[in-house]
Every structure is written in structure tokens, then in C-alpha cells.
>>> print(open('entry_16.txt').read())   # compact mmCIF, C-alpha atoms
# COMPACT_ATOMS: atom_id res chain seq x y z
CA MET A 1 -21.06 7.80 -16.70
CA LYS A 2 -19.03 4.62 -17.23
CA ARG A 3 -20.31 4.23 -20.79
CA ILE A 4 -19.43 7.84 -21.66
CA ALA A 5 -15.91 7.42 -20.32
CA ILE A 6 -15.38 4.15 -22.22
CA VAL A 7 -16.53 5.74 -25.49
CA PHE A 8 -14.30 8.77 -24.89
CA ALA A 9 -11.31 6.55 -24.23
CA ALA A 10 -11.95 4.44 -27.34
CA LEU A 11 -12.41 7.49 -29.57
CA ALA A 12 -9.26 9.18 -28.30
CA VAL A 13 -6.82 6.44 -27.29
CA PHE A 14 -7.03 4.09 -30.26
CA PRO A 15 -6.83 6.74 -33.05
CA ALA A 16 -4.05 8.46 -31.13
CA ILE A 17 -2.04 5.24 -30.94
CA SER A 18 -2.58 4.21 -34.54
CA ASN A 19 -1.87 7.70 -35.95
CA ALA A 20 0.63 8.93 -33.40
CA GLU A 21 2.56 12.02 -34.43
CA GLY A 22 4.62 11.91 -31.26
CA MET A 23 5.36 9.74 -28.25
CA ALA A 24 6.29 10.80 -24.74
CA LEU A 25 6.96 9.36 -21.32
CA ALA A 26 5.79 11.07 -18.13
CA GLY A 27 6.82 10.66 -14.52
CA LYS A 28 3.99 11.88 -12.27
CA LEU A 29 3.30 12.65 -8.65
CA GLY A 30 -0.34 12.50 -7.59
CA ILE A 31 -1.57 13.81 -4.26
CA THR A 32 -4.40 11.27 -4.35
CA THR A 33 -3.05 8.60 -6.70
CA GLY A 34 0.61 8.22 -5.71
CA TYR A 35 3.67 7.94 -7.89
CA GLY A 36 2.97 7.23 -11.54
CA VAL A 37 4.33 6.75 -15.01
CA GLU A 38 2.52 7.28 -18.32
CA LEU A 39 3.15 6.48 -21.97
CA ILE A 40 1.52 9.11 -24.20
CA MET A 41 0.89 8.90 -27.94
CA GLY A 42 -0.85 11.33 -30.28
CA GLY A 43 -0.60 14.84 -31.68
CA ASN A 44 -1.87 18.40 -31.39
CA ASN A 45 -5.61 17.54 -31.24
CA LEU A 46 -5.88 14.10 -29.66
CA SER A 47 -3.67 11.94 -27.53
CA GLY A 48 -4.01 8.70 -25.63
CA ARG A 49 -2.12 7.59 -22.56
CA LEU A 50 -1.59 4.43 -20.58
CA GLY A 51 -0.57 4.88 -16.97
CA TYR A 52 0.35 3.08 -13.77
CA ASN A 53 0.14 4.52 -10.23
CA ASN A 54 1.24 3.12 -6.88
CA TYR A 55 1.74 4.31 -3.28
CA ASN A 56 1.47 2.81 0.24
CA TYR A 57 0.73 4.73 3.44
CA ASN A 58 0.40 3.49 7.04
CA LYS A 59 -1.50 5.23 9.83
CA THR A 60 -3.10 4.43 13.20
CA GLY A 61 -6.67 5.65 13.70
CA ASN A 62 -10.08 4.92 15.20
CA ALA A 63 -13.15 3.38 13.59
CA SER A 64 -16.32 2.10 15.23
CA SER A 65 -14.93 2.66 18.76
CA MET A 66 -11.84 0.59 17.99
CA ASP A 67 -8.25 1.49 17.22
CA PHE A 68 -6.86 0.17 13.93
CA ASN A 69 -3.57 0.12 12.11
CA PHE A 70 -4.56 1.36 8.65
CA LYS A 71 -2.68 0.54 5.46
CA LEU A 72 -3.74 2.62 2.46
CA LYS A 73 -2.59 0.94 -0.75
CA LEU A 74 -3.07 3.07 -3.86
CA LYS A 75 -2.69 1.06 -7.05
CA SER A 76 -4.27 1.68 -10.45
CA VAL A 77 -3.81 1.29 -14.19
CA SER A 78 -5.39 3.88 -16.47
CA ALA A 79 -6.34 4.20 -20.14
CA LEU A 80 -7.18 7.83 -20.87
CA GLY A 81 -7.89 9.98 -23.89
CA ASP A 82 -7.10 13.70 -24.16
CA TRP A 83 -8.78 16.24 -26.44
CA TYR A 84 -7.12 19.63 -27.02
CA PRO A 85 -10.04 21.76 -28.28
CA PHE A 86 -7.83 24.77 -29.07
CA GLU A 87 -4.74 22.81 -30.18
CA GLY A 88 -2.94 24.31 -27.22
CA LYS A 89 -2.07 23.18 -23.72
CA PHE A 90 -5.59 22.94 -22.27
CA ARG A 91 -7.13 19.48 -22.51
CA ILE A 92 -10.31 17.61 -21.60
CA SER A 93 -9.68 14.03 -20.49
CA GLY A 94 -11.73 10.90 -20.01
CA GLY A 95 -11.25 7.18 -19.76
CA ILE A 96 -11.09 4.22 -17.42
CA TYR A 97 -9.14 3.33 -14.28
CA ASN A 98 -8.50 -0.27 -13.32
CA ASN A 99 -8.73 0.51 -9.62
CA LYS A 100 -6.90 -1.86 -7.27
CA SER A 101 -6.69 0.60 -4.38
CA LYS A 102 -7.72 -0.65 -0.94
CA ILE A 103 -7.53 0.05 2.78
CA GLU A 104 -6.51 -2.79 5.09
CA MET A 105 -7.10 -2.54 8.84
CA THR A 106 -5.81 -4.58 11.76
CA ALA A 107 -7.50 -3.94 15.09
CA VAL A 108 -5.43 -2.91 18.10
CA PRO A 109 -6.96 -3.59 21.56
CA GLY A 110 -7.94 -0.44 23.41
CA ALA A 111 -7.80 0.39 27.11
CA GLY A 112 -7.97 -2.74 29.25
CA SER A 113 -7.15 -4.88 26.22
CA ASN A 114 -10.80 -5.15 25.15
CA TYR A 115 -12.63 -4.98 21.83
CA THR A 116 -16.06 -3.33 21.57
CA ILE A 117 -17.92 -5.02 18.69
CA ASN A 118 -21.58 -4.29 17.92
CA GLY A 119 -21.89 -2.77 21.38
CA GLN A 120 -20.50 -5.88 23.10
CA THR A 121 -17.18 -6.01 24.93
CA TYR A 122 -14.78 -8.88 24.31
CA PRO A 123 -11.45 -9.37 26.11
CA ALA A 124 -8.62 -9.37 23.58
CA THR A 125 -6.49 -11.92 25.39
CA THR A 126 -9.14 -14.65 25.78
CA ALA A 127 -11.75 -13.97 23.07
CA VAL A 128 -10.14 -12.49 19.98
CA ASN A 129 -7.06 -13.77 18.21
CA SER A 130 -7.24 -11.26 15.36
CA LEU A 131 -9.73 -8.76 13.92
CA GLN A 132 -9.19 -7.40 10.43
CA GLY A 133 -11.11 -5.11 8.11
CA ARG A 134 -10.80 -4.17 4.47
CA ILE A 135 -12.25 -1.50 2.20
CA SER A 136 -12.06 -2.10 -1.55
CA PHE A 137 -13.53 -0.39 -4.59
CA ASN A 138 -15.05 -1.23 -7.96
CA PRO A 139 -12.20 -2.48 -10.15
CA THR A 140 -13.45 -0.58 -13.22
CA ALA A 141 -14.05 3.12 -12.67
CA PRO A 142 -14.63 5.90 -15.24
CA TYR A 143 -12.64 9.13 -15.11
CA LEU A 144 -13.38 12.66 -16.31
CA GLY A 145 -11.16 15.67 -15.86
CA ILE A 146 -9.21 18.54 -17.32
CA GLY A 147 -5.52 19.18 -17.61
CA TRP A 148 -2.73 21.40 -18.84
CA GLY A 149 0.13 20.51 -21.16
CA ASN A 150 0.48 18.47 -24.35
CA PRO A 151 3.62 16.31 -24.11
CA VAL A 152 3.22 15.01 -27.69
CA ALA A 153 2.82 18.35 -29.45
CA LYS A 154 5.20 18.75 -32.39
CA GLY A 155 8.74 19.50 -31.26
CA LYS A 156 7.84 19.47 -27.57
CA GLY A 157 10.92 17.85 -26.00
CA TRP A 158 10.78 18.35 -22.23
CA GLY A 159 7.57 19.60 -20.64
CA MET A 160 5.24 19.74 -17.65
CA VAL A 161 1.69 18.41 -17.28
CA SER A 162 -1.02 18.63 -14.65
CA ASP A 163 -4.38 16.92 -14.16
CA ILE A 164 -7.47 17.66 -12.08
CA GLY A 165 -10.37 15.24 -12.27
CA VAL A 166 -12.60 12.67 -10.61
CA ILE A 167 -12.62 8.86 -10.57
CA PHE A 168 -16.23 7.65 -10.25
CA GLN A 169 -15.55 4.49 -8.26
CA GLY A 170 -18.97 3.96 -6.67
CA ALA A 171 -19.69 2.80 -3.13
CA PRO A 172 -16.80 1.02 -1.40
CA LYS A 173 -17.09 -2.56 -0.20
CA TYR A 174 -16.37 -3.17 3.49
CA SER A 175 -15.47 -6.51 5.05
CA LEU A 176 -14.68 -7.39 8.67
CA SER A 177 -13.39 -10.77 9.81
CA VAL A 178 -12.44 -12.25 13.16
CA THR A 179 -10.46 -15.25 14.37
CA CYS A 180 -11.56 -16.41 17.80
CA ALA A 181 -9.04 -17.23 20.49
CA ALA A 182 -8.50 -20.94 21.05
CA GLY A 183 -11.09 -22.40 23.39
CA PHE A 184 -13.30 -19.28 23.51
CA ALA A 185 -16.84 -20.52 24.26
CA GLY A 186 -18.59 -17.43 22.88
CA CYS A 187 -17.08 -17.66 19.39
CA ALA A 188 -20.45 -18.00 17.62
CA GLN A 189 -21.78 -14.85 19.28
CA LEU A 190 -18.56 -12.98 18.53
CA GLN A 191 -18.81 -13.88 14.84
CA ALA A 192 -22.46 -12.78 14.79
CA ASP A 193 -21.51 -9.43 16.33
CA VAL A 194 -18.72 -9.00 13.79
CA ALA A 195 -21.19 -9.66 10.95
CA ALA A 196 -23.59 -7.08 12.43
CA GLU A 197 -20.75 -4.58 12.81
CA GLN A 198 -19.77 -5.13 9.17
CA THR A 199 -23.34 -4.41 8.05
CA LYS A 200 -23.46 -1.18 10.05
CA GLN A 201 -20.12 0.00 8.72
CA GLN A 202 -21.11 -0.84 5.14
CA THR A 203 -24.24 1.29 5.54
CA ASP A 204 -22.16 4.19 6.86
CA LEU A 205 -19.73 3.89 3.93
CA ASN A 206 -22.34 3.62 1.16
CA ASN A 207 -22.24 7.37 0.55
CA SER A 208 -18.51 7.79 1.13
CA PHE A 209 -15.59 7.63 -1.32
CA ARG A 210 -17.93 7.34 -4.33
CA LYS A 211 -15.90 10.01 -6.11
CA TRP A 212 -12.13 10.00 -5.74
CA PRO A 213 -10.37 13.24 -6.67
CA VAL A 214 -7.30 13.20 -8.90
CA ILE A 215 -4.70 15.95 -8.54
CA SER A 216 -1.34 15.30 -10.17
CA MET A 217 1.65 16.92 -11.83
CA GLY A 218 4.39 15.45 -13.97
CA LEU A 219 7.53 15.90 -15.98
CA THR A 220 7.46 14.65 -19.57
CA TYR A 221 9.88 13.98 -22.39
CA GLN A 222 9.02 13.49 -26.06
CA TRP A 223 11.12 11.49 -28.47
>>> encode(input="entry_16.txt", output="C-alpha cells")
Amino acid sequence: MKRIAIVFAALAVFPAISNAEGMALAGKLGITTGYGVELIMGGNNLSGRLGYNNYNYNKTGNASSMDFNFKLKLKSVSALGDWYPFEGKFRISGGIYNNKSKIEMTAVPGAGSNYTINGQTYPATTAVNSLQGRISFNPTAPYLGIGWGNPVAKGKGWGMVSDIGVIFQGAPKYSLSVTCAAGFAGCAQLQADVAAEQTKQQTDLNNSFRKWPVISMGLTYQW
């Protein structure tokens, strides 16, 4: 899949840039990718685009019997190629995302100010100074999708675009780290339980988030 997307991007992006009939700038809003901007170059049949997306979102939730403050940080750079098979508005897209998105988690002690880690209970005030988790993704991820609108068609001016597709980002990587409270005698066991908890959570996540949907719309202007 990654090889197909790289070839598609090379075949579409580089000819589109070198033989650009038009250039356009797009401001985009993605439900799953955040706010974005794209530079588009090309013509009626092929176009290439370079994009940047970013968005941060905070939420409190539960994972592995513990409450966490979650920070979702969407951040990506894309190089995509578009093919307009009918020289109209419909397009087939492919390419690569440089995927820097991640989820950061900071544990919040539950009832009684305790942490439950690998089935063991640890008092937050005397055992755990901090407990943090992180989910990250493969930095290079292929993309395939379809869309509507050609912002670099001849004489376009202002226009609208939309995209629906999938980023194939593979299994996420999960990490969990702990800092023991000063003077806590059971620190070695706590760290061992954290390592075991990380392994269990990684196993649970291996089949999650492998495909990340892309749904976005944007306003474009050609010059």
C-alpha cells in the first residue's frame, strides 16, 4: 500500500508542479485532521498538492481502570497527487502523510487517591509522583481517497473542494512511564507493573487506529 501511494504521488505531484497550468491556495477544515492549508499546482487532468494540518483537543476519560487527562494533537504534512479521470470535478487522490499526530495522557488519581496498575493498587500520595502515557503513529503513512473540485482548472478563481479517504498509519505505539514518589520502597515493583500494563495496552491497541479516516472541506482561490 505504501509503495503504491508513493508511486502515485511521484507520478502526479512532480509533473503537476513542473508543468503547472494553474496554482491555487486552499484553506481546509477536516473533521479528523484539523485545520489545514494546501498549495495546489496542476491542470485539468493532474494536480499535486502540499498541505499542512494541525489541531489540539483536550478531554478527560478512562483507560485501563484509570482516569486520564487526554491531549489529542493532530499534526501532519501531506504530499498528494490528484487525477481527474473525466477532466471534471471528480478526482482520485493518493500520496503520503508525514504523520506527527499523537495522544498524550496524564493519569488522575481515582477514588481514594489510588492508582490501579496491572491489577495492583498504589496510593497516589506516597507511591506515585506522576504517571504518563503516549500513543504515537508511524511517521510515514500512505493515503488513498476521492474528492470533488479542481481548484487549478482553467479560469477557476474561487472554488470549493472536499476529500474523503483513508490514512493507512498502521498499529499505534503505546508507551507508559512512571515516576515514583520520593522514598517509596516498592518503586521497582511499581515500575515492573507499569511495564506489564504497557504491554497489555499495546496488545489491545494493535488492531486499533490502523486506518485513520479523512473527511475535509475547503475554500480555494486560484491565481
>>> atom_distance(input="entry_16.txt", atom1="atom CA of Ile146 of chain A", atom2="atom CA of Gly94 of chain A")
8.5 Å
>>> atom_distance(input="entry_16.txt", atom1="atom CA of Gly61 of chain A", atom2="atom CA of Ile167 of chain A")
25.2 Å
>>> closest_residue(input="entry_16.txt", among="A:Gly43, A:Gly155, A:Pro172, A:Phe68", to="Lys102 of chain A", atoms="all atoms listed in the file")
A:Pro172
>>> residues_near_point(input="entry_16.txt", point="(5.7, 10.2, -24.4)", cutoff="12 Å", atoms="all atoms listed in the file", output="ChimeraX atom specification")
/A:16-17,20-27,37-43,47-51,150-161,218-223
>>> residues_near_point(input="entry_16.txt", point="(-0.9, 3.7, -12.9)", cutoff="12 Å", atoms="only C-alpha atoms", output="tab-separated table (two decimals) with C-alpha atoms, in the coordinates of the input")
chain	number	residue	atom	x	y	z
A	26	ALA	CA	5.79	11.07	-18.13
A	27	GLY	CA	6.82	10.66	-14.52
A	28	LYS	CA	3.99	11.88	-12.27
A	29	LEU	CA	3.30	12.65	-8.65
A	30	GLY	CA	-0.34	12.50	-7.59
A	32	THR	CA	-4.40	11.27	-4.35
A	33	THR	CA	-3.05	8.60	-6.70
A	34	GLY	CA	0.61	8.22	-5.71
A	35	TYR	CA	3.67	7.94	-7.89
A	36	GLY	CA	2.97	7.23	-11.54
A	37	VAL	CA	4.33	6.75	-15.01
A	38	GLU	CA	2.52	7.28	-18.32
A	39	LEU	CA	3.15	6.48	-21.97
A	49	ARG	CA	-2.12	7.59	-22.56
A	50	LEU	CA	-1.59	4.43	-20.58
A	51	GLY	CA	-0.57	4.88	-16.97
A	52	TYR	CA	0.35	3.08	-13.77
A	53	ASN	CA	0.14	4.52	-10.23
A	54	ASN	CA	1.24	3.12	-6.88
A	55	TYR	CA	1.74	4.31	-3.28
A	74	LEU	CA	-3.07	3.07	-3.86
A	75	LYS	CA	-2.69	1.06	-7.05
A	76	SER	CA	-4.27	1.68	-10.45
A	77	VAL	CA	-3.81	1.29	-14.19
A	78	SER	CA	-5.39	3.88	-16.47
A	79	ALA	CA	-6.34	4.20	-20.14
A	80	LEU	CA	-7.18	7.83	-20.87
A	96	ILE	CA	-11.09	4.22	-17.42
A	97	TYR	CA	-9.14	3.33	-14.28
A	98	ASN	CA	-8.50	-0.27	-13.32
A	99	ASN	CA	-8.73	0.51	-9.62
A	100	LYS	CA	-6.90	-1.86	-7.27
A	101	SER	CA	-6.69	0.60	-4.38
A	216	SER	CA	-1.34	15.30	-10.17
>>> residues_around(input="entry_16.txt", residues="Ile215 of chain A", least_positions_apart="6", cutoff="6 Å", atoms="only C-alpha atoms", output="PDB file with C-alpha atoms, in the coordinates of the input")
ATOM      1  CA  GLY A  30      -0.340  12.500  -7.590  1.00  0.00           C
ATOM      2  CA  ILE A  31      -1.570  13.810  -4.260  1.00  0.00           C
ATOM      3  CA  ASP A 163      -4.380  16.920 -14.160  1.00  0.00           C
ATOM      4  CA  ILE A 164      -7.470  17.660 -12.080  1.00  0.00           C
TER       5      ILE A 164
END
>>> residues_around(input="entry_16.txt", residues="segment 83-93 of chain A", least_positions_apart="4", cutoff="6 Å", atoms="only C-alpha atoms", output="PyMOL selection string")
chain A and resi 44-46+144-150
>>> closest_residue(input="entry_16.txt", among="A:Ala107, A:Ala127, A:Ile117, A:Val214", to="Gly186 of chain A", atoms="all atoms listed in the file")
A:Ala127
>>> residues_around(input="entry_16.txt", residues="Val128 of chain A", least_positions_apart="2", cutoff="8 Å", atoms="only C-alpha atoms", output="PyMOL selection string")
chain A and resi 122-126+130-131+178-181
>>> write_last_selection(input="entry_16.txt", atoms="C-alpha atoms", output="short mmCIF file (atom, residue, chain, number, x, y, z; two decimals), in the frame of the given file")
data_model
loop_
_atom_site.label_atom_id
_atom_site.label_comp_id
_atom_site.auth_asym_id
_atom_site.auth_seq_id
_atom_site.Cartn_x
_atom_site.Cartn_y
_atom_site.Cartn_z
CA TYR A 122 -14.78 -8.88 24.31
CA PRO A 123 -11.45 -9.37 26.11
CA ALA A 124 -8.62 -9.37 23.58
CA THR A 125 -6.49 -11.92 25.39
CA THR A 126 -9.14 -14.65 25.78
CA SER A 130 -7.24 -11.26 15.36
CA LEU A 131 -9.73 -8.76 13.92
CA VAL A 178 -12.44 -12.25 13.16
CA THR A 179 -10.46 -15.25 14.37
CA CYS A 180 -11.56 -16.41 17.80
CA ALA A 181 -9.04 -17.23 20.49
#
>>> decode(input="entry_16.txt", residues="segment 111-132 of chain A", atoms="N, CA and C atoms", output="CSV table (one decimal), in the first residue's frame")
chain,number,residue,atom,x,y,z
A,111,ALA,N,-10.9,7.4,43.0
A,111,ALA,CA,-11.4,7.4,44.3
A,111,ALA,C,-10.4,6.9,45.3
A,112,GLY,N,-10.3,7.7,46.4
A,112,GLY,CA,-9.3,7.3,47.5
A,112,GLY,C,-7.9,7.6,47.1
A,113,SER,N,-7.7,8.4,46.0
A,113,SER,CA,-6.4,8.8,45.6
A,113,SER,C,-5.5,7.6,45.4
A,114,ASN,N,-6.0,6.6,44.7
A,114,ASN,CA,-5.2,5.4,44.4
A,114,ASN,C,-5.1,5.2,42.9
A,115,TYR,N,-4.0,4.5,42.4
A,115,TYR,CA,-3.8,4.1,41.1
A,115,TYR,C,-3.9,2.5,41.1
A,116,THR,N,-4.6,2.0,40.1
A,116,THR,CA,-4.7,0.6,39.9
A,116,THR,C,-3.9,0.2,38.6
A,117,ILE,N,-2.7,-0.4,38.8
A,117,ILE,CA,-1.8,-0.7,37.7
A,117,ILE,C,-1.5,-2.1,37.7
A,118,ASN,N,-1.8,-2.8,36.6
A,118,ASN,CA,-1.6,-4.2,36.4
A,118,ASN,C,-2.2,-5.0,37.5
A,119,GLY,N,-3.4,-4.5,37.9
A,119,GLY,CA,-4.2,-5.2,39.0
A,119,GLY,C,-3.7,-4.9,40.4
A,120,GLN,N,-2.7,-4.1,40.5
A,120,GLN,CA,-2.2,-3.7,41.9
A,120,GLN,C,-2.6,-2.3,42.2
A,121,THR,N,-2.9,-2.1,43.5
A,121,THR,CA,-3.3,-0.7,43.9
A,121,THR,C,-2.1,0.0,44.6
A,122,TYR,N,-1.9,1.2,44.1
A,122,TYR,CA,-0.8,2.0,44.7
A,122,TYR,C,-1.4,3.4,45.1
A,123,PRO,N,-1.1,3.8,46.3
A,123,PRO,CA,-1.6,5.1,46.8
A,123,PRO,C,-0.8,6.2,46.1
A,124,ALA,N,-1.6,7.2,45.6
A,124,ALA,CA,-1.1,8.3,44.8
A,124,ALA,C,-0.2,9.2,45.6
A,125,THR,N,-0.5,9.4,46.8
A,125,THR,CA,0.2,10.4,47.6
A,125,THR,C,1.6,9.9,48.0
A,126,THR,N,1.8,8.5,48.2
A,126,THR,CA,3.0,8.0,48.8
A,126,THR,C,3.8,7.1,47.8
A,127,ALA,N,3.2,6.7,46.7
A,127,ALA,CA,3.8,5.8,45.8
A,127,ALA,C,4.1,6.4,44.4
A,128,VAL,N,3.2,7.2,43.9
A,128,VAL,CA,3.3,7.7,42.5
A,128,VAL,C,3.5,9.2,42.5
A,129,ASN,N,4.5,9.6,41.9
A,129,ASN,CA,4.7,11.1,41.7
A,129,ASN,C,3.9,11.5,40.4
A,130,SER,N,4.1,10.8,39.3
A,130,SER,CA,3.4,11.0,38.1
A,130,SER,C,3.4,9.8,37.2
A,131,LEU,N,2.3,9.6,36.4
A,131,LEU,CA,2.1,8.5,35.5
A,131,LEU,C,1.6,9.1,34.2
A,132,GLN,N,2.4,8.8,33.2
A,132,GLN,CA,2.0,9.4,31.9
A,132,GLN,C,2.1,8.3,30.8
